[in-house]
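Participant: Take a look at my_file_0.cif, mmCIF, C-alpha atoms:
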data_input
loop_
_atom_site.group_PDB
_atom_site.id
_atom_site.type_symbol
_atom_site.label_atom_id
_atom_site.label_comp_id
_atom_site.auth_asym_id
_atom_site.auth_seq_id
_atom_site.Cartn_x
_atom_site.Cartn_y
_atom_site.Cartn_z
ATOM 1 C CA MET A 554 68.556 -13.728 -71.562
ATOM 2 C CA LEU A 555 69.378 -10.115 -70.591
ATOM 3 C CA ASP A 556 65.712 -9.238 -70.271
ATOM 4 C CA PHE A 557 65.198 -12.195 -67.922
ATOM 5 C CA PHE A 558 67.932 -11.083 -65.518
ATOM 6 C CA ALA A 559 66.709 -7.478 -65.687
ATOM 7 C CA MET A 560 63.179 -8.477 -64.683
ATOM 8 C CA ARG A 561 64.500 -10.639 -61.891
ATOM 9 C CA GLY A 562 66.570 -7.764 -60.465
ATOM 10 C CA LEU A 563 63.609 -5.416 -60.696
ATOM 11 C CA LYS A 564 61.450 -7.819 -58.660
ATOM 12 C CA ARG A 565 64.095 -7.983 -55.968
ATOM 13 C CA ILE A 566 64.284 -4.205 -55.776
ATOM 14 C CA MET A 567 60.512 -3.925 -55.476
ATOM 15 C CA ALA A 568 60.401 -6.555 -52.703
ATOM 16 C CA ALA A 569 63.062 -4.664 -50.774
ATOM 17 C CA VAL A 570 61.114 -1.384 -51.099
ATOM 18 C CA ILE A 571 57.883 -3.020 -49.928
ATOM 19 C CA GLY A 572 59.659 -4.594 -46.960
ATOM 20 C CA LEU A 573 61.088 -1.246 -45.881
ATOM 21 C CA ALA A 574 57.699 0.416 -46.240
ATOM 22 C CA VAL A 575 56.023 -2.217 -44.044
ATOM 23 C CA LEU A 576 58.780 -1.838 -41.465
ATOM 24 C CA PHE A 577 58.256 1.925 -41.201
ATOM 25 C CA ILE A 578 54.443 1.803 -41.353
ATOM 26 C CA GLN A 579 53.810 -0.909 -38.708
ATOM 27 C CA PRO A 580 54.225 0.338 -35.107
ATOM 28 C CA VAL A 581 56.595 -1.401 -32.768
ATOM 29 C CA HIS A 582 54.800 -2.822 -29.741
ATOM 30 C CA ALA A 583 57.751 -3.734 -27.600
ATOM 31 C CA GLN A 584 59.332 -0.980 -25.562
ATOM 32 C CA THR A 585 61.493 -1.574 -22.527
ATOM 33 C CA GLY A 586 61.843 0.687 -19.499
ATOM 34 C CA GLY A 587 58.154 1.686 -19.224
ATOM 35 C CA ALA A 588 54.869 0.389 -17.796
ATOM 36 C CA ALA A 589 51.287 0.118 -19.046
ATOM 37 C CA LEU A 590 48.996 -1.327 -16.379
ATOM 38 C CA ILE A 591 45.287 -1.133 -15.479
ATOM 39 C CA THR A 592 44.579 -2.094 -11.854
ATOM 40 C CA ALA A 593 40.855 -1.227 -11.781
ATOM 41 C CA PRO A 594 38.451 -2.344 -12.976
ATOM 42 C CA MET A 595 39.674 -5.913 -13.196
ATOM 43 C CA ASP A 596 38.844 -8.707 -15.639
ATOM 44 C CA SER A 597 35.184 -9.841 -15.552
ATOM 45 C CA ALA A 598 34.168 -6.909 -13.328
ATOM 46 C CA THR A 599 30.597 -5.533 -13.422
ATOM 47 C CA VAL A 600 30.428 -1.731 -13.676
ATOM 48 C CA SER A 601 27.860 1.015 -14.165
ATOM 49 C CA GLY A 602 27.652 4.797 -14.423
ATOM 50 C CA ILE A 603 30.951 6.688 -14.360
ATOM 51 C CA VAL A 604 33.795 4.166 -13.975
ATOM 52 C CA THR A 605 37.138 5.330 -12.559
ATOM 53 C CA ILE A 606 40.073 3.623 -14.293
ATOM 54 C CA LEU A 607 43.188 3.232 -12.138
ATOM 55 C CA GLY A 608 46.674 2.138 -13.119
ATOM 56 C CA THR A 609 50.103 3.184 -14.392
ATOM 57 C CA ALA A 610 51.205 4.807 -17.665
ATOM 58 C CA SER A 611 54.906 5.682 -17.669
ATOM 59 C CA ASN A 612 57.992 5.488 -19.901
ATOM 60 C CA PRO A 613 61.470 7.104 -19.957
ATOM 61 C CA GLN A 614 60.597 8.470 -23.427
ATOM 62 C CA PHE A 615 56.958 9.098 -22.520
ATOM 63 C CA LEU A 616 54.936 10.801 -25.256
ATOM 64 C CA ARG A 617 51.267 10.188 -24.301
ATOM 65 C CA TYR A 618 48.799 7.506 -23.276
ATOM 66 C CA GLU A 619 45.350 6.633 -24.648
ATOM 67 C CA LEU A 620 42.345 4.808 -23.200
ATOM 68 C CA ALA A 621 39.844 3.002 -25.428
ATOM 69 C CA PHE A 622 37.153 0.326 -25.277
ATOM 70 C CA SER A 623 35.612 -2.163 -27.679
ATOM 71 C CA TYR A 624 32.841 -4.704 -27.787
ATOM 72 C CA SER A 625 33.724 -8.225 -26.700
ATOM 73 C CA PRO A 626 34.441 -10.106 -28.855
ATOM 74 C CA ASN A 627 36.050 -7.620 -31.274
ATOM 75 C CA PRO A 628 36.703 -9.438 -34.563
ATOM 76 C CA THR A 629 37.055 -6.181 -36.549
ATOM 77 C CA ASP A 630 39.532 -4.619 -34.079
ATOM 78 C CA THR A 631 37.313 -1.537 -33.721
ATOM 79 C CA TRP A 632 38.079 0.728 -30.752
ATOM 80 C CA PHE A 633 36.360 3.788 -29.280
ATOM 81 C CA SER A 634 38.244 6.496 -27.384
ATOM 82 C CA ILE A 635 37.284 7.039 -23.744
ATOM 83 C CA GLN A 636 38.967 10.454 -23.498
ATOM 84 C CA ASP A 637 41.487 12.675 -25.248
ATOM 85 C CA PRO A 638 45.130 11.501 -25.230
ATOM 86 C CA ALA A 639 46.835 12.347 -21.901
ATOM 87 C CA LYS A 640 50.272 13.995 -21.945
ATOM 88 C CA THR A 641 51.173 13.376 -18.278
ATOM 89 C CA GLN A 642 52.562 10.158 -16.836
ATOM 90 C CA VAL A 643 50.568 8.396 -14.119
ATOM 91 C CA VAL A 644 51.824 5.934 -11.514
ATOM 92 C CA ASN A 645 49.192 4.041 -9.497
ATOM 93 C CA GLU A 646 46.697 6.865 -9.891
ATOM 94 C CA VAL A 647 43.583 7.718 -11.890
ATOM 95 C CA LEU A 648 44.115 7.172 -15.612
ATOM 96 C CA GLY A 649 40.679 8.386 -16.627
ATOM 97 C CA ARG A 650 36.914 8.068 -16.188
ATOM 98 C CA TRP A 651 34.720 5.980 -18.449
ATOM 99 C CA ASP A 652 31.111 7.155 -18.891
ATOM 100 C CA THR A 653 29.087 4.000 -19.516
ATOM 101 C CA THR A 654 25.677 5.678 -19.411
ATOM 102 C CA GLY A 655 25.747 6.318 -23.160
ATOM 103 C CA ILE A 656 26.404 2.727 -24.250
ATOM 104 C CA THR A 657 24.272 -0.391 -24.159
ATOM 105 C CA ASP A 658 24.618 -2.977 -21.443
ATOM 106 C CA GLY A 659 26.955 -5.783 -22.412
ATOM 107 C CA VAL A 660 30.511 -7.117 -22.241
ATOM 108 C CA TYR A 661 33.462 -4.887 -23.250
ATOM 109 C CA ILE A 662 37.266 -4.750 -23.393
ATOM 110 C CA LEU A 663 39.371 -1.879 -22.032
ATOM 111 C CA ARG A 664 42.745 -0.931 -23.568
ATOM 112 C CA LEU A 665 45.593 1.297 -22.368
ATOM 113 C CA ARG A 666 48.368 2.353 -24.742
ATOM 114 C CA VAL A 667 51.496 4.188 -23.592
ATOM 115 C CA TYR A 668 53.409 5.790 -26.468
ATOM 116 C CA SER A 669 57.137 6.523 -26.414
ATOM 117 C CA SER A 670 57.040 7.576 -30.108
ATOM 118 C CA GLU A 671 54.497 7.595 -32.898
ATOM 119 C CA ARG A 672 55.415 3.991 -33.774
ATOM 120 C CA GLN A 673 56.353 2.528 -30.412
ATOM 121 C CA PHE A 674 53.959 1.844 -27.549
ATOM 122 C CA GLN A 675 53.105 -0.529 -24.711
ATOM 123 C CA GLU A 676 49.551 -1.649 -24.078
ATOM 124 C CA ALA A 677 47.451 -3.422 -21.470
ATOM 125 C CA PHE A 678 43.954 -4.949 -21.647
ATOM 126 C CA VAL A 679 41.096 -5.669 -19.219
ATOM 127 C CA ARG A 680 38.729 -8.236 -20.687
ATOM 128 C CA GLY A 681 35.177 -9.302 -19.941
ATOM 129 C CA VAL A 682 34.072 -6.031 -18.291
ATOM 130 C CA ARG A 683 30.280 -6.143 -17.992
ATOM 131 C CA VAL A 684 28.387 -2.851 -18.181
ATOM 132 C CA GLN A 685 25.047 -3.075 -16.387
ATOM 133 C CA ASN A 686 23.235 0.229 -15.989
ATOM 134 C CA THR A 687 19.765 -1.319 -16.168
ATOM 135 C CA ALA A 688 18.698 -3.212 -13.079
ATOM 136 C CA PRO A 689 17.998 -6.876 -13.869
ATOM 137 C CA THR A 690 14.378 -7.912 -13.797
ATOM 138 C CA ALA A 691 13.708 -9.683 -10.551
ATOM 139 C CA ALA A 692 11.962 -13.016 -10.711
ATOM 140 C CA PRO A 693 8.430 -12.923 -9.275
ATOM 141 C CA ALA A 694 8.473 -13.903 -5.660
ATOM 142 C CA THR A 695 6.664 -17.051 -4.669
ATOM 143 C CA PRO A 696 3.653 -16.060 -2.573
ATOM 144 C CA THR A 697 3.878 -17.209 0.998
ATOM 145 C CA PRO A 698 0.731 -19.014 2.174
ATOM 146 C CA PRO A 699 -0.976 -17.275 5.076
ATOM 147 C CA PRO A 700 -0.527 -18.926 8.453
ATOM 148 C CA ALA A 701 -3.283 -21.234 9.627
ATOM 149 C CA PRO A 702 -5.699 -19.537 12.030
ATOM 150 C CA LYS A 703 -5.164 -20.458 15.622
ATOM 151 C CA ALA A 704 -8.032 -21.944 17.632
ATOM 152 C CA ALA A 705 -9.563 -19.463 19.983
ATOM 153 C CA THR A 706 -8.831 -20.279 23.588
ATOM 154 C CA SER A 707 -10.699 -18.807 26.511
ATOM 155 C CA THR A 708 -8.622 -17.487 29.313
ATOM 156 C CA PRO A 709 -10.212 -18.030 32.754
ATOM 157 C CA THR A 710 -10.752 -14.889 34.742
ATOM 158 C CA PRO A 711 -8.703 -15.063 37.945
ATOM 159 C CA VAL A 712 -10.707 -14.865 41.172
ATOM 160 C CA ILE A 713 -9.052 -13.095 44.080
ATOM 161 C CA LEU A 714 -10.172 -14.397 47.484
ATOM 162 C CA LEU A 715 -9.787 -11.933 50.312
ATOM 163 C CA PRO A 716 -8.859 -13.338 53.736
ATOM 164 C CA PRO A 717 -11.561 -13.102 56.436
ATOM 165 C CA THR A 718 -11.282 -10.135 58.727
ATOM 166 C CA SER A 719 -12.671 -9.627 62.220
ATOM 167 C CA THR A 720 -13.084 -5.943 61.700
ATOM 168 C CA PRO A 721 -16.542 -5.186 60.290
ATOM 169 C CA ARG A 722 -16.493 -3.150 57.180
ATOM 170 C CA PRO A 723 -18.071 0.284 57.562
ATOM 171 C CA THR A 724 -21.422 0.699 55.994
ATOM 172 C CA GLN A 725 -22.618 3.861 54.572
ATOM 173 C CA ALA A 726 -25.534 5.370 56.467
ATOM 174 C CA VAL A 727 -28.348 6.408 54.248
ATOM 175 C CA VAL A 728 -30.139 9.465 55.513
ATOM 176 C CA SER A 729 -33.287 10.529 53.826
ATOM 177 C CA ALA A 730 -33.243 14.107 52.717
ATOM 178 C CA ASN A 731 -36.929 14.416 53.665
ATOM 179 C CA LEU A 732 -36.387 13.688 57.391
ATOM 180 C CA SER A 733 -36.294 16.706 59.661
ATOM 181 C CA SER A 734 -35.128 17.067 63.250
ATOM 182 C CA PRO A 735 -37.841 16.826 65.905
ATOM 183 C CA PRO A 736 -38.851 20.175 67.278
ATOM 184 C CA ALA A 737 -37.358 21.086 70.601
ATOM 185 C CA GLY A 738 -39.822 21.559 73.498
ATOM 186 C CA PRO A 739 -40.980 20.210 76.886
ATOM 187 C CA PRO A 740 -41.476 16.419 77.210
ATOM 188 C CA PRO A 741 -45.032 15.088 76.751
ATOM 189 C CA SER A 742 -47.338 15.061 79.771
ATOM 190 C CA TRP A 743 -47.395 11.246 80.077
ATOM 191 C CA LEU A 744 -43.676 11.355 80.942
ATOM 192 C CA ASP A 745 -44.240 13.581 83.983
ATOM 193 C CA ALA A 746 -42.958 12.143 87.373
ATOM 194 C CA ASP A 747 -46.216 12.766 89.260
ATOM 195 C CA VAL A 748 -48.208 10.910 86.654
ATOM 196 C CA ILE A 749 -45.857 7.956 86.875
ATOM 197 C CA ARG A 750 -46.035 7.912 90.708
ATOM 198 C CA ARG A 751 -49.847 7.923 90.755
ATOM 199 C CA ALA A 752 -49.897 5.152 88.172
ATOM 200 C CA LEU A 753 -47.617 3.018 90.354
ATOM 201 C CA ILE A 754 -49.818 3.613 93.462
ATOM 202 C CA ASP A 755 -52.985 2.772 91.535
ATOM 203 C CA GLY A 756 -51.391 -0.378 90.188
ATOM 204 C CA ALA A 757 -50.278 -1.480 93.664
ATOM 205 C CA ALA A 758 -53.737 -0.890 95.115
ATOM 206 C CA LEU A 759 -55.353 -2.819 92.283
ATOM 207 C CA THR A 760 -52.945 -5.668 92.818
ATOM 208 C CA GLY A 761 -53.777 -5.778 96.552
ATOM 209 C CA VAL A 762 -57.513 -5.906 95.832
ATOM 210 C CA VAL A 763 -57.006 -8.744 93.353
ATOM 211 C CA PHE A 764 -54.892 -10.767 95.775
ATOM 212 C CA GLY A 765 -57.476 -10.104 98.566
ATOM 213 C CA LEU A 766 -60.285 -11.414 96.408
ATOM 214 C CA LEU A 767 -58.238 -14.462 95.476
ATOM 215 C CA GLY A 768 -57.551 -15.158 99.165
ATOM 216 C CA LEU A 769 -61.205 -14.816 100.059
ATOM 217 C CA TYR A 770 -62.184 -17.180 97.283
ATOM 218 C CA ALA A 771 -59.694 -19.732 98.423
ATOM 219 C CA GLY A 772 -60.904 -19.544 102.054
ATOM 220 C CA LEU A 773 -64.514 -19.986 101.093
ATOM 221 C CA LYS A 774 -63.675 -22.956 98.953
ATOM 222 C CA ALA A 775 -61.796 -24.610 101.793
ATOM 223 C CA VAL A 776 -64.701 -24.066 104.226
ATOM 224 C CA VAL A 777 -67.144 -25.576 101.802
ATOM 225 C CA ARG A 778 -64.904 -28.606 101.221
ATOM 226 C CA TYR A 779 -64.446 -29.442 104.900
ATOM 227 C CA ARG A 780 -68.021 -28.694 106.036
ATOM 228 C CA PRO A 781 -69.672 -31.889 107.585
ATOM 229 C CA GLY A 782 -72.575 -33.314 105.792
ATOM 230 C CA ARG A 783 -75.946 -33.181 107.179
#
Could you render the structure as structure tokens?
Facilitator:
Amino acid sequence: MLDFFAMRGLKRIMAAVIGLAVLFIQPVHAQTGGAALITAPMDSATVSGIVTILGTASNPQFLRYELAFSYSPNPTDTWFSIQDPAKTQVVNEVLGRWDTTGITDGVYILRLRVYSSERQFQEAFVRGVRVQNTAPTAAPATPTPPPAPKAATSTPTPVILLPPTSTPRPTQAVVSANLSSPPAGPPPSWLDADVIRRALIDGAALTGVVFGLLGLYAGLKAVVRYRPGR
């Protein structure tokens, strides 16, 4: 009977020791009077390259803050540090910079922890952050059919009609290069005034002779016509 009660007391002592150990080992998440907040990037954001993380990490008993990321989902609760722990409080400023060029494209979770002691901290999460450093493959574009050829149309040449004008248009005189000016000198002999005068006198005399002969012929004819028969 004594051994039974002794064993029962021993079990109670061991349970109390284990409970105290768990209490001191497990960190306390709740901490009033401080703030742990990530304002950028936001949930479901798509990021690439060097990502600037903005937010607030403050506490009246501030010790440090830490930034980490994990794959999403994270069933093993495995986290990777983004930078060394920071010892300065931040209010609505840059918390850190996340270099995503060394990780594969995919969906991740960001975590901020603000410690007020080694066992007490506040934390904030940004979920569904998609890292996309590789440009997505564009779908092949559908070829556009060439436009149908247009029927050739002839454009009539406009005809400009000039109004009639009374002023004759100047014509270009064509002068042969082989023509030479007539030599200067006295006029030919047939243009002399004496020659012309003699020709006129001779013509008048010839005309008188002709008319005289015609008159004589006419008189003789009349005499013969009226002569009485024998």
Participant: I'd like the contact shell of region 630-638 of chain A - 9 Å cut-off, only C-alpha atoms, skipping same-chain residues fewer than 4 positions apart - returned as a list in words.
Facilitator: Arg617, Tyr618, Glu619, Leu620, Ala621, Phe622, Ser623, Tyr624, Gly649, Arg650, Trp651, Asp652 and Arg664 of chain A
Participant: Here is a test: counting only C-alpha atoms, which residue of A:Pro700, A:Pro628, A:Gly608, A:Gly602 is nearest to Ile656 (chain A)?
Facilitator: A:Gly602
Participant: Quick one, how far is CA of Ser669 (chain A) from CA of Gly586 (chain A)?
Facilitator: 10.2 Å
Participant: Let me know the residues the PyMOL selection byres ((chain A and resi 642) around 10) catches in the file above, as a tab-separated table (two decimals) with C-alpha atoms, keeping the file's coordinate frame.
Facilitator:
chain	number	residue	atom	x	y	z
A	609	THR	CA	50.10	3.18	-14.39
A	610	ALA	CA	51.20	4.81	-17.66
A	611	SER	CA	54.91	5.68	-17.67
A	612	ASN	CA	57.99	5.49	-19.90
A	613	PRO	CA	61.47	7.10	-19.96
A	615	PHE	CA	56.96	9.10	-22.52
A	616	LEU	CA	54.94	10.80	-25.26
A	617	ARG	CA	51.27	10.19	-24.30
A	618	TYR	CA	48.80	7.51	-23.28
A	639	ALA	CA	46.84	12.35	-21.90
A	640	LYS	CA	50.27	14.00	-21.94
A	641	THR	CA	51.17	13.38	-18.28
A	643	VAL	CA	50.57	8.40	-14.12
A	644	VAL	CA	51.82	5.93	-11.51
A	646	GLU	CA	46.70	6.86	-9.89
A	648	LEU	CA	44.12	7.17	-15.61
A	667	VAL	CA	51.50	4.19	-23.59
Participant: Evaluate the PyMOL selection byres ((chain A and resi 660) around 6) on the structure here and hand back the selected residues as a list of chain:residue names.
Facilitator: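 Taken over the shown coordinates, the PyMOL selection byres ((chain A and resi 660) around 6) returns A:Ser625, A:Gly659, A:Tyr661, A:Gly681, A:Val682, A:Arg683.
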Participant: Residues picked by the PyMOL selection byres ((chain A and resi 658) around 6) here, as number ranges by chain?
Facilitator: A: 657, 659, 684-685
Participant: I need the residue nearest Ala589 (chain A) from this list: A:Ile603, A:Thr654, A:Phe678, A:Val647. Use only C-alpha atoms for the distance.
Facilitator: A:Phe678
Participant: Quick one: pull the distance between CA of Pro594 (chain A) and CA of Gly655 (chain A), Å, one decimal.
Facilitator: 18.4 Å
Participant: In Å, with one decimal, what is the gap from CA of Leu663 (chain A) to CA of Thr629 (chain A)?
Facilitator: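 Distance reported for this atom pair: 15.3 Å.
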